[in-house]
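J.: data.pdb is the file, holding PDB, C-alpha atoms, pLDDT in the B column:
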```
MODEL        1
ATOM      1  CA  MET G 115     180.575 211.086 268.155  1.00 76.00           C
ATOM      2  CA  ILE G 116     177.012 211.593 269.405  1.00 76.00           C
ATOM      3  CA  HIS G 117     174.251 210.573 267.015  1.00 88.00           C
ATOM      4  CA  VAL G 118     170.805 212.120 267.426  1.00 91.00           C
ATOM      5  CA  PRO G 119     167.562 211.409 265.560  1.00 95.00           C
ATOM      6  CA  LEU G 120     166.302 213.733 262.859  1.00 96.00           C
ATOM      7  CA  ASN G 121     164.080 216.534 264.088  1.00 93.00           C
ATOM      8  CA  PRO G 122     160.989 216.885 261.846  1.00 89.00           C
ATOM      9  CA  GLN G 123     160.330 220.418 263.138  1.00 89.00           C
ATOM     10  CA  ARG G 124     163.828 221.542 262.204  1.00 91.00           C
ATOM     11  CA  ILE G 125     163.432 219.927 258.790  1.00 93.00           C
ATOM     12  CA  SER G 126     160.200 221.849 258.212  1.00 89.00           C
ATOM     13  CA  GLN G 127     161.803 225.111 259.329  1.00 90.00           C
ATOM     14  CA  ALA G 128     164.811 224.555 257.074  1.00 92.00           C
ATOM     15  CA  LEU G 129     162.621 223.706 254.078  1.00 91.00           C
ATOM     16  CA  GLY G 130     160.367 226.759 254.449  1.00 86.00           C
ATOM     17  CA  ASN G 131     157.236 226.700 252.317  1.00 76.00           C
ATOM     18  CA  GLY G 132     158.356 224.293 249.606  1.00 80.00           C
ATOM     19  CA  TYR G 133     156.210 221.524 248.185  1.00 84.00           C
ATOM     20  CA  TRP G 134     158.006 218.701 249.998  1.00 94.00           C
ATOM     21  CA  ARG G 135     155.816 216.602 252.297  1.00 94.00           C
ATOM     22  CA  VAL G 136     158.236 214.875 254.638  1.00 94.00           C
ATOM     23  CA  LYS G 137     157.665 211.884 256.889  1.00 95.00           C
ATOM     24  CA  VAL G 138     160.382 210.464 259.166  1.00 96.00           C
ATOM     25  CA  ILE G 139     160.297 206.861 260.371  1.00 96.00           C
ATOM     26  CA  SER G 140     162.748 205.042 262.608  1.00 94.00           C
ATOM     27  CA  GLU G 141     163.281 201.880 260.566  1.00 93.00           C
ATOM     28  CA  THR G 142     162.194 200.223 257.344  1.00 91.00           C
ATOM     29  CA  THR G 143     163.329 197.568 254.930  1.00 89.00           C
ATOM     30  CA  SER G 144     163.847 200.183 252.211  1.00 89.00           C
ATOM     31  CA  THR G 145     162.429 203.696 251.762  1.00 94.00           C
ATOM     32  CA  GLN G 146     162.294 202.915 248.054  1.00 93.00           C
ATOM     33  CA  SER G 147     159.692 200.228 248.681  1.00 90.00           C
ATOM     34  CA  GLU G 148     158.014 201.715 251.747  1.00 94.00           C
ATOM     35  CA  ILE G 149     157.196 205.184 250.388  1.00 97.00           C
ATOM     36  CA  ILE G 150     154.235 203.702 248.508  1.00 95.00           C
ATOM     37  CA  ASN G 151     152.721 202.493 251.802  1.00 94.00           C
ATOM     38  CA  ASN G 152     153.200 205.833 253.581  1.00 95.00           C
ATOM     39  CA  PHE G 153     151.547 208.145 251.061  1.00 95.00           C
ATOM     40  CA  SER G 154     148.258 207.377 249.325  1.00 88.00           C
ATOM     41  CA  PRO G 155     147.984 208.366 246.613  1.00 92.00           C
ATOM     42  CA  LEU G 156     151.579 209.300 245.809  1.00 95.00           C
ATOM     43  CA  GLN G 157     152.004 212.953 244.892  1.00 96.00           C
ATOM     44  CA  HIS G 158     154.936 214.953 243.575  1.00 96.00           C
ATOM     45  CA  GLY G 159     157.066 215.968 246.557  1.00 96.00           C
ATOM     46  CA  ASP G 160     156.140 213.100 248.891  1.00 97.00           C
ATOM     47  CA  LEU G 161     159.315 212.147 250.759  1.00 97.00           C
ATOM     48  CA  LEU G 162     160.033 209.351 253.220  1.00 97.00           C
ATOM     49  CA  ILE G 163     163.152 209.369 255.422  1.00 97.00           C
ATOM     50  CA  ALA G 164     164.317 206.435 257.526  1.00 95.00           C
ATOM     51  CA  GLU G 165     166.868 206.488 260.316  1.00 95.00           C
ATOM     52  CA  PHE G 166     167.757 202.900 259.452  1.00 92.00           C
ATOM     53  CA  GLN G 167     167.182 200.561 256.515  1.00 87.00           C
ATOM     54  CA  ASN G 168     167.670 196.858 257.131  1.00 82.00           C
ATOM     55  CA  ASN G 169     167.403 195.992 253.446  1.00 62.00           C
ATOM     56  CA  GLY G 170     168.392 199.161 251.586  1.00 51.00           C
ATOM     57  CA  ARG G 171     168.812 198.789 247.829  1.00 54.00           C
ATOM     58  CA  GLY G 172     171.282 200.336 245.423  1.00 51.00           C
ATOM     59  CA  ARG G 173     171.685 199.985 241.683  1.00 50.00           C
ATOM     60  CA  LEU G 174     172.199 196.545 240.143  1.00 48.00           C
ATOM     61  CA  ASP G 175     170.576 194.903 243.200  1.00 52.00           C
ATOM     62  CA  ARG G 176     173.394 195.949 245.516  1.00 56.00           C
ATOM     63  CA  LYS G 177     172.687 196.345 249.229  1.00 58.00           C
ATOM     64  CA  PHE G 178     172.953 199.723 250.939  1.00 60.00           C
ATOM     65  CA  ILE G 179     173.259 199.417 254.723  1.00 70.00           C
ATOM     66  CA  ALA G 180     174.296 202.168 257.141  1.00 79.00           C
ATOM     67  CA  PRO G 181     174.268 202.252 260.957  1.00 89.00           C
ATOM     68  CA  PRO G 182     171.287 204.155 262.437  1.00 93.00           C
ATOM     69  CA  MET G 183     171.402 207.979 262.438  1.00 94.00           C
ATOM     70  CA  ARG G 184     174.653 208.184 260.452  1.00 94.00           C
ATOM     71  CA  ALA G 185     173.272 208.816 256.968  1.00 95.00           C
ATOM     72  CA  LEU G 186     170.422 210.538 255.184  1.00 97.00           C
ATOM     73  CA  LEU G 187     168.288 207.786 253.657  1.00 96.00           C
ATOM     74  CA  PHE G 188     165.245 208.974 251.755  1.00 97.00           C
ATOM     75  CA  SER G 189     163.024 208.361 248.773  1.00 97.00           C
ATOM     76  CA  THR G 190     160.870 210.932 247.031  1.00 98.00           C
ATOM     77  CA  PHE G 191     158.200 210.727 244.366  1.00 98.00           C
ATOM     78  CA  ILE G 192     158.731 212.914 241.291  1.00 97.00           C
ATOM     79  CA  LYS G 193     156.103 213.549 238.650  1.00 96.00           C
ATOM     80  CA  PRO G 194     158.111 214.818 235.650  1.00 95.00           C
ATOM     81  CA  GLU G 195     156.621 217.284 233.210  1.00 93.00           C
ATOM     82  CA  ARG G 196     158.939 216.180 230.405  1.00 94.00           C
ATOM     83  CA  ALA G 197     158.352 213.281 228.004  1.00 94.00           C
ATOM     84  CA  ILE G 198     159.121 209.828 229.383  1.00 94.00           C
ATOM     85  CA  SER G 199     161.869 209.439 226.747  1.00 92.00           C
ATOM     86  CA  GLU G 200     163.802 212.147 228.632  1.00 93.00           C
ATOM     87  CA  TRP G 201     163.502 210.595 232.084  1.00 95.00           C
ATOM     88  CA  GLY G 202     166.996 209.140 231.776  1.00 94.00           C
ATOM     89  CA  TRP G 203     168.159 212.568 232.921  1.00 96.00           C
ATOM     90  CA  LEU G 204     166.501 212.245 236.319  1.00 96.00           C
ATOM     91  CA  PRO G 205     169.248 210.214 238.078  1.00 96.00           C
ATOM     92  CA  LEU G 206     171.737 212.762 236.738  1.00 97.00           C
ATOM     93  CA  ILE G 207     169.631 215.668 238.010  1.00 97.00           C
ATOM     94  CA  ILE G 208     169.405 214.116 241.485  1.00 98.00           C
ATOM     95  CA  GLY G 209     173.151 213.410 241.567  1.00 98.00           C
ATOM     96  CA  LEU G 210     173.971 216.904 240.350  1.00 98.00           C
ATOM     97  CA  SER G 211     171.709 218.369 243.044  1.00 98.00           C
ATOM     98  CA  VAL G 212     173.461 216.394 245.797  1.00 98.00           C
ATOM     99  CA  ALA G 213     176.904 217.422 244.510  1.00 98.00           C
ATOM    100  CA  GLU G 214     175.899 221.087 244.294  1.00 98.00           C
ATOM    101  CA  ALA G 215     174.350 221.086 247.766  1.00 98.00           C
ATOM    102  CA  LEU G 216     177.307 219.397 249.446  1.00 98.00           C
ATOM    103  CA  SER G 217     179.806 221.624 247.637  1.00 98.00           C
ATOM    104  CA  GLU G 218     178.006 224.789 248.691  1.00 98.00           C
ATOM    105  CA  LEU G 219     177.500 223.614 252.281  1.00 98.00           C
ATOM    106  CA  THR G 220     181.100 222.585 252.832  1.00 98.00           C
ATOM    107  CA  GLY G 221     183.197 224.662 250.438  1.00 98.00           C
ATOM    108  CA  LYS G 222     184.674 221.385 249.158  1.00 98.00           C
ATOM    109  CA  GLU G 223     184.450 219.944 245.643  1.00 98.00           C
ATOM    110  CA  PHE G 224     181.962 217.090 245.387  1.00 98.00           C
ATOM    111  CA  LEU G 225     181.542 215.607 241.907  1.00 98.00           C
ATOM    112  CA  THR G 226     179.222 213.181 240.159  1.00 98.00           C
ATOM    113  CA  LYS G 227     180.120 209.824 238.666  1.00 97.00           C
ATOM    114  CA  TRP G 228     177.733 208.861 235.881  1.00 97.00           C
ATOM    115  CA  PRO G 229     175.010 207.862 236.373  1.00 93.00           C
ATOM    116  CA  ASN G 230     174.273 207.761 240.074  1.00 91.00           C
ATOM    117  CA  ASP G 231     177.140 208.410 242.505  1.00 96.00           C
ATOM    118  CA  VAL G 232     178.522 211.504 244.212  1.00 98.00           C
ATOM    119  CA  LEU G 233     182.223 211.447 245.044  1.00 98.00           C
ATOM    120  CA  TYR G 234     184.793 213.368 247.005  1.00 98.00           C
ATOM    121  CA  GLU G 235     188.342 212.833 245.745  1.00 98.00           C
ATOM    122  CA  GLY G 236     187.199 209.606 244.109  1.00 96.00           C
ATOM    123  CA  LYS G 237     185.462 208.208 247.203  1.00 97.00           C
ATOM    124  CA  LYS G 238     181.711 207.611 247.242  1.00 96.00           C
ATOM    125  CA  VAL G 239     179.671 209.814 249.552  1.00 97.00           C
ATOM    126  CA  SER G 240     176.225 209.377 248.017  1.00 96.00           C
ATOM    127  CA  GLY G 241     174.333 206.918 245.839  1.00 94.00           C
ATOM    128  CA  ILE G 242     171.072 207.269 243.939  1.00 95.00           C
ATOM    129  CA  LEU G 243     168.503 204.763 242.704  1.00 94.00           C
ATOM    130  CA  CYS G 244     165.653 205.859 240.418  1.00 95.00           C
ATOM    131  CA  GLU G 245     162.725 203.605 239.526  1.00 95.00           C
ATOM    132  CA  SER G 246     159.566 204.268 237.499  1.00 95.00           C
ATOM    133  CA  SER G 247     156.403 203.814 239.539  1.00 95.00           C
ATOM    134  CA  HIS G 248     152.795 205.071 239.675  1.00 95.00           C
ATOM    135  CA  GLY G 249     153.150 207.217 236.575  1.00 95.00           C
ATOM    136  CA  GLY G 250     156.227 208.977 237.887  1.00 97.00           C
ATOM    137  CA  LEU G 251     159.589 208.158 239.382  1.00 97.00           C
ATOM    138  CA  ILE G 252     160.734 207.242 242.878  1.00 97.00           C
ATOM    139  CA  ALA G 253     164.219 208.598 243.555  1.00 97.00           C
ATOM    140  CA  GLY G 254     166.083 206.980 246.425  1.00 96.00           C
ATOM    141  CA  VAL G 255     169.063 208.821 247.882  1.00 97.00           C
ATOM    142  CA  GLY G 256     171.634 207.794 250.449  1.00 95.00           C
ATOM    143  CA  ILE G 257     174.158 210.350 251.743  1.00 97.00           C
ATOM    144  CA  ASN G 258     176.905 209.422 254.204  1.00 96.00           C
ATOM    145  CA  VAL G 259     176.802 212.276 256.714  1.00 97.00           C
ATOM    146  CA  ASN G 260     178.468 211.480 260.060  1.00 97.00           C
ATOM    147  CA  PHE G 261     180.500 208.259 260.062  1.00 96.00           C
ATOM    148  CA  GLU G 262     183.471 206.834 261.867  1.00 95.00           C
ATOM    149  CA  LYS G 263     185.932 205.461 259.323  1.00 95.00           C
ATOM    150  CA  SER G 264     185.299 201.960 260.677  1.00 93.00           C
ATOM    151  CA  GLU G 265     181.566 202.332 259.923  1.00 92.00           C
ATOM    152  CA  LEU G 266     181.918 203.046 256.212  1.00 92.00           C
ATOM    153  CA  PRO G 267     180.239 200.370 254.075  1.00 84.00           C
ATOM    154  CA  VAL G 268     183.180 199.904 251.688  1.00 86.00           C
ATOM    155  CA  LYS G 269     186.830 200.938 251.579  1.00 87.00           C
ATOM    156  CA  ASN G 270     186.336 203.395 248.741  1.00 93.00           C
ATOM    157  CA  ALA G 271     183.716 205.456 250.592  1.00 96.00           C
ATOM    158  CA  SER G 272     183.701 208.622 252.640  1.00 97.00           C
ATOM    159  CA  ALA G 273     181.292 210.858 254.556  1.00 98.00           C
ATOM    160  CA  ILE G 274     180.701 214.575 254.898  1.00 98.00           C
ATOM    161  CA  ASN G 275     182.239 214.777 258.380  1.00 98.00           C
ATOM    162  CA  LEU G 276     185.355 212.922 257.212  1.00 98.00           C
ATOM    163  CA  VAL G 277     185.749 215.439 254.388  1.00 98.00           C
ATOM    164  CA  THR G 278     185.259 218.554 256.521  1.00 98.00           C
ATOM    165  CA  GLY G 279     186.626 217.404 259.869  1.00 98.00           C
ATOM    166  CA  SER G 280     183.415 218.281 261.717  1.00 97.00           C
ATOM    167  CA  GLU G 281     179.943 216.815 262.142  1.00 96.00           C
ATOM    168  CA  ALA G 282     177.221 218.000 259.785  1.00 97.00           C
ATOM    169  CA  GLU G 283     173.598 218.714 260.707  1.00 95.00           C
ATOM    170  CA  ARG G 284     171.553 216.226 258.758  1.00 96.00           C
ATOM    171  CA  GLU G 285     168.477 218.470 258.667  1.00 96.00           C
ATOM    172  CA  LEU G 286     170.480 221.193 256.912  1.00 96.00           C
ATOM    173  CA  VAL G 287     172.045 218.727 254.479  1.00 97.00           C
ATOM    174  CA  LEU G 288     168.568 217.448 253.617  1.00 97.00           C
ATOM    175  CA  ALA G 289     167.121 220.938 253.155  1.00 96.00           C
ATOM    176  CA  ALA G 290     170.016 222.044 250.939  1.00 97.00           C
ATOM    177  CA  THR G 291     169.737 218.898 248.816  1.00 98.00           C
ATOM    178  CA  LEU G 292     165.980 219.206 248.366  1.00 97.00           C
ATOM    179  CA  GLY G 293     166.369 222.870 247.500  1.00 96.00           C
ATOM    180  CA  LYS G 294     168.772 221.992 244.692  1.00 97.00           C
ATOM    181  CA  ILE G 295     166.537 219.179 243.451  1.00 97.00           C
ATOM    182  CA  SER G 296     163.613 221.622 243.276  1.00 96.00           C
ATOM    183  CA  GLU G 297     165.723 224.183 241.440  1.00 96.00           C
ATOM    184  CA  ASN G 298     167.132 221.750 238.904  1.00 97.00           C
ATOM    185  CA  LEU G 299     163.790 220.041 238.256  1.00 96.00           C
ATOM    186  CA  LYS G 300     162.309 223.472 237.527  1.00 95.00           C
ATOM    187  CA  ILE G 301     165.080 224.216 235.022  1.00 95.00           C
ATOM    188  CA  TRP G 302     164.598 220.808 233.382  1.00 95.00           C
ATOM    189  CA  ASN G 303     160.804 220.978 233.275  1.00 94.00           C
ATOM    190  CA  GLU G 304     160.813 224.468 231.799  1.00 94.00           C
ATOM    191  CA  SER G 305     163.884 224.473 229.555  1.00 91.00           C
ATOM    192  CA  GLY G 306     164.980 220.896 228.873  1.00 89.00           C
ATOM    193  CA  VAL G 307     168.511 219.638 229.195  1.00 91.00           C
ATOM    194  CA  ASN G 308     170.722 222.224 227.500  1.00 90.00           C
ATOM    195  CA  LEU G 309     171.260 224.509 230.489  1.00 90.00           C
ATOM    196  CA  LEU G 310     171.405 221.565 232.901  1.00 92.00           C
ATOM    197  CA  ALA G 311     173.987 219.817 230.741  1.00 93.00           C
ATOM    198  CA  ASP G 312     176.302 222.807 231.070  1.00 93.00           C
ATOM    199  CA  ILE G 313     175.895 222.806 234.855  1.00 94.00           C
ATOM    200  CA  TYR G 314     176.295 219.032 235.028  1.00 96.00           C
ATOM    201  CA  LEU G 315     179.612 219.118 233.175  1.00 96.00           C
ATOM    202  CA  LYS G 316     181.056 221.432 235.846  1.00 97.00           C
ATOM    203  CA  TYR G 317     180.306 218.804 238.474  1.00 98.00           C
ATOM    204  CA  SER G 318     181.205 215.696 236.464  1.00 98.00           C
ATOM    205  CA  ALA G 319     184.097 213.472 237.484  1.00 98.00           C
ATOM    206  CA  THR G 320     183.366 211.192 234.515  1.00 98.00           C
ATOM    207  CA  ILE G 321     183.315 213.346 231.381  1.00 97.00           C
ATOM    208  CA  GLY G 322     186.796 213.522 229.866  1.00 97.00           C
ATOM    209  CA  LYS G 323     187.988 210.430 231.741  1.00 97.00           C
ATOM    210  CA  GLU G 324     189.011 207.077 230.359  1.00 98.00           C
ATOM    211  CA  VAL G 325     186.394 204.683 231.691  1.00 98.00           C
ATOM    212  CA  ARG G 326     185.443 201.036 231.728  1.00 97.00           C
ATOM    213  CA  VAL G 327     181.713 200.418 231.443  1.00 97.00           C
ATOM    214  CA  GLU G 328     180.317 197.054 232.489  1.00 94.00           C
ATOM    215  CA  LEU G 329     177.070 196.601 230.598  1.00 90.00           C
ATOM    216  CA  GLY G 330     174.041 194.715 231.840  1.00 78.00           C
ATOM    217  CA  ASN G 331     174.548 192.001 229.216  1.00 82.00           C
ATOM    218  CA  GLY G 332     177.971 191.048 230.576  1.00 83.00           C
ATOM    219  CA  ASN G 333     179.972 192.945 227.970  1.00 92.00           C
ATOM    220  CA  THR G 334     182.532 195.617 228.816  1.00 96.00           C
ATOM    221  CA  ILE G 335     183.526 198.778 226.948  1.00 96.00           C
ATOM    222  CA  SER G 336     186.691 200.810 227.536  1.00 97.00           C
ATOM    223  CA  ALA G 337     186.763 204.301 226.034  1.00 98.00           C
ATOM    224  CA  ILE G 338     186.875 207.988 226.898  1.00 98.00           C
ATOM    225  CA  ALA G 339     183.659 209.535 228.208  1.00 98.00           C
ATOM    226  CA  ILE G 340     183.108 212.543 225.946  1.00 98.00           C
ATOM    227  CA  GLY G 341     179.644 213.845 226.865  1.00 96.00           C
ATOM    228  CA  LEU G 342     175.960 213.216 227.429  1.00 96.00           C
ATOM    229  CA  SER G 343     173.133 212.646 224.975  1.00 95.00           C
ATOM    230  CA  GLU G 344     169.793 214.450 225.113  1.00 93.00           C
ATOM    231  CA  PHE G 345     168.450 211.378 226.899  1.00 94.00           C
ATOM    232  CA  GLY G 346     171.156 211.338 229.594  1.00 95.00           C
ATOM    233  CA  GLU G 347     173.169 208.557 227.992  1.00 96.00           C
ATOM    234  CA  LEU G 348     176.946 208.519 228.426  1.00 97.00           C
ATOM    235  CA  LYS G 349     178.590 209.193 225.061  1.00 98.00           C
ATOM    236  CA  LEU G 350     181.892 207.413 224.492  1.00 98.00           C
ATOM    237  CA  SER G 351     184.796 208.076 222.160  1.00 98.00           C
ATOM    238  CA  ASN G 352     184.146 204.823 220.263  1.00 97.00           C
ATOM    239  CA  GLY G 353     180.840 206.262 219.040  1.00 97.00           C
ATOM    240  CA  SER G 354     178.559 204.369 221.413  1.00 96.00           C
ATOM    241  CA  ALA G 355     176.058 205.821 223.895  1.00 96.00           C
ATOM    242  CA  VAL G 356     175.380 203.906 227.107  1.00 96.00           C
ATOM    243  CA  SER G 357     172.098 204.176 229.001  1.00 93.00           C
ATOM    244  CA  ILE G 358     172.752 201.513 231.645  1.00 90.00           C
ATOM    245  CA  GLY G 359     176.113 200.433 232.977  1.00 91.00           C
ATOM    246  CA  ASP G 360     178.544 200.329 235.876  1.00 92.00           C
ATOM    247  CA  VAL G 361     181.353 202.840 235.318  1.00 96.00           C
ATOM    248  CA  THR G 362     184.925 202.623 236.598  1.00 95.00           C
ATOM    249  CA  HIS G 363     187.253 205.603 236.171  1.00 96.00           C
ATOM    250  CA  LEU G 364     190.549 204.318 234.816  1.00 94.00           C
ATOM    251  CA  ARG G 365     192.553 207.554 234.919  1.00 74.00           C
TER     252      ARG G 365
ENDMDL
END
```
Could you spell out this file's structure in structure tokens?

T.:
Amino acid sequence: MIHVPLNPQRISQALGNGYWRVKVISETTSTQSEIINNFSPLQHGDLLIAEFQNNGRGRLDRKFIAPPMRALLFSTFIKPERAISEWGWLPLIIGLSVAEALSELTGKEFLTKWPNDVLYEGKKVSGILCESSHGGLIAGVGINVNFEKSELPVKNASAINLVTGSEAERELVLAATLGKISENLKIWNESGVNLLADIYLKYSATIGKEVRVELGNGNTISAIAIGLSEFGELKLSNGSAVSIGDVTHLR
């Protein structure tokens, strides 16, 4: 497998005249931290991509490391138009957008795991980390694009090329993903969550499943995931609603 660097010109051509302002760098500790140093002041649509992160971060302080030029690793600044109480939907919107883009590009069924993963047949292909910053939100996204099986970060992971049997063009994956993010943010900003919730359910691998949720305080809940609240919380069959937690699908 031949790995080539991202082509900024091809990215621009694929994106057309959207509001994304894209910068590609070869290496960084983490795009999530470095985006602030590459755009001043941060504006909605600023996006930093790195070919390699030597200290990439996931949720719950997990590390996210991928060999150079195998993945899409980017962070973007989003300035929501909705009330801050509704921002819990943003990780779900980003995950939904990735799942939609990959499904449409490949003809395969990619699904979301609440709150921040995208799966194919139960294996993780993408992870998302959202953090409030500078009056908005920085959304970090990692998508496994072209990997050898031996290069996957964990056993229960996959990549687009391993799903389809052929290498994917990272520029096109990026453009499709950003297009869906733009589309879904527009729906959310203008209409709220009702329409998005209906779309999200079609791409959810979590809703309707028996799950175990490990909470940040060390407690664990086992129940059936029955839906989402207006704030993006995961509603469970025991009557609780979880805003932060690590979910395992039991069956």

J.: Quick one: residues within 6 Å of Ala253 of chain G, only C-alpha atoms, excluding same-chain residues fewer than 2 positions away - as a PyMOL selection string?

T.: chain G and resi 189-190+243-244

J.: Counting all atoms listed in the file, which residues sit no farther than 10 Å from the position (171.2, 213.6, 224.9) in the file's frame? I'd like them as a ChimeraX atom specification.

T.: /G:200,202-203,307-308,311,341-349,355

J.: Between atom CA of Ile321 of chain G and atom CA of Ile257 of chain G, measure the distance and give it in Å to one decimal.

T.: 22.5 Å

J.: For Met183 of chain G, which of G:Ser140, G:Ser305, G:Gln157, G:Asn270 is the closest residue, counting all atoms listed in the file?

T.: G:Ser140

J.: Within 10 Å of Val361 of chain G, counting only C-alpha atoms, which residues qualify if same-chain residues fewer than 3 places away don't, as a VMD selection string?

T.: chain G and resid 227 to 230 320 325 to 329 334 to 336 348 358 364

J.: Quick one: pull the distance between atom CA of His158 of chain G and atom CA of Leu288 of chain G, Å, one decimal.

T.: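 Atom CA of Leu288 of chain G lies at a distance of 17.1 Å from atom CA of His158 of chain G.
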
J.: Between atom CA of Ile208 of chain G and atom CA of Tyr234 of chain G, what is the distance, to one decimal in Å?

T.: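 Between atom CA of Ile208 of chain G and atom CA of Tyr234 of chain G the gap is 16.4 Å.
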
J.: Counting all atoms listed in the file, which of G:Ala282, G:Ala180, G:Leu251, G:Leu233 gets nearest to Ile116 of chain G?

T.: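 Looking at the shortest contact to Ile116 of chain G, the residue is G:Ala282.
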
J.: Determine, counting all atoms listed in the file, which protein, DNA and RNA residues have an atom within 12 Å of an atom of Val259 of chain G; residues of the same chain fewer than 6 positions away are not included. Present the result as an NGL selection string.

T.: :G and (117 or 180-187 or 216 or 220 or 238-240 or 265-266 or 271-288)

J.: Could you list the residues chosen by the PyMOL selection byres ((chain G and resi 225) around 6) in this structure as a list in words?

T.: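 For this structure, the PyMOL selection byres ((chain G and resi 225) around 6) captures Ala213, Phe224, Thr226, Val232, Leu233, Tyr317, Ser318 and Ala319 of chain G.
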
J.: Taking the file as shown, what set of residues would the PyMOL selection byres ((chain G and resi 126-138) around 7) give back, as a PyMOL selection string?

T.: chain G and resi 122-125+139-140+159-164+286+289

J.: So which one's closest to Ala290 of chain G, G:Asn121, G:Ser247, G:Asn152, G:Ser217? Using only C-alpha atoms, please.

T.: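 Of G:Asn121, G:Ser247, G:Asn152, G:Ser217, the one nearest Ala290 of chain G, counting only C-alpha atoms, is G:Ser217.
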
J.: Nearest to Trp302 of chain G among G:Leu219, G:Ile192, G:Leu204, G:Leu210, with distances taken over all atoms listed in the file: which residue is it?

T.: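 Result for the nearest residue to Trp302 of chain G: G:Leu204.
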
J.: Would you mind telling me which residue in G:Pro119, G:Ser246, G:Asp360, G:Ala197 lies nearest to Asn331 of chain G when using all atoms listed in the file?

T.: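 Going through G:Pro119, G:Ser246, G:Asp360, G:Ala197 one by one, the smallest distance to Asn331 of chain G is for G:Asp360.
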
J.: Which of these residues is nearest to Leu350 of chain G, using only C-alpha atoms: G:Gly330, G:Thr143, G:Ala337, G:Val212?

T.: G:Ala337

J.: Select all residues near (166.2, 218.8, 242.6) (cut-off 9 Å, inclusive, file coordinates), counting only C-alpha atoms, and output them as a PyMOL selection string.

T.: chain G and resi 207-212+291-300

J.: Compile the contact shell of Asn168 of chain G as a ChimeraX atom specification: residues with an atom at most 8 Å away, counting only C-alpha atoms, same-chain residues fewer than 3 positions apart removed.

T.: /G:141-144,179
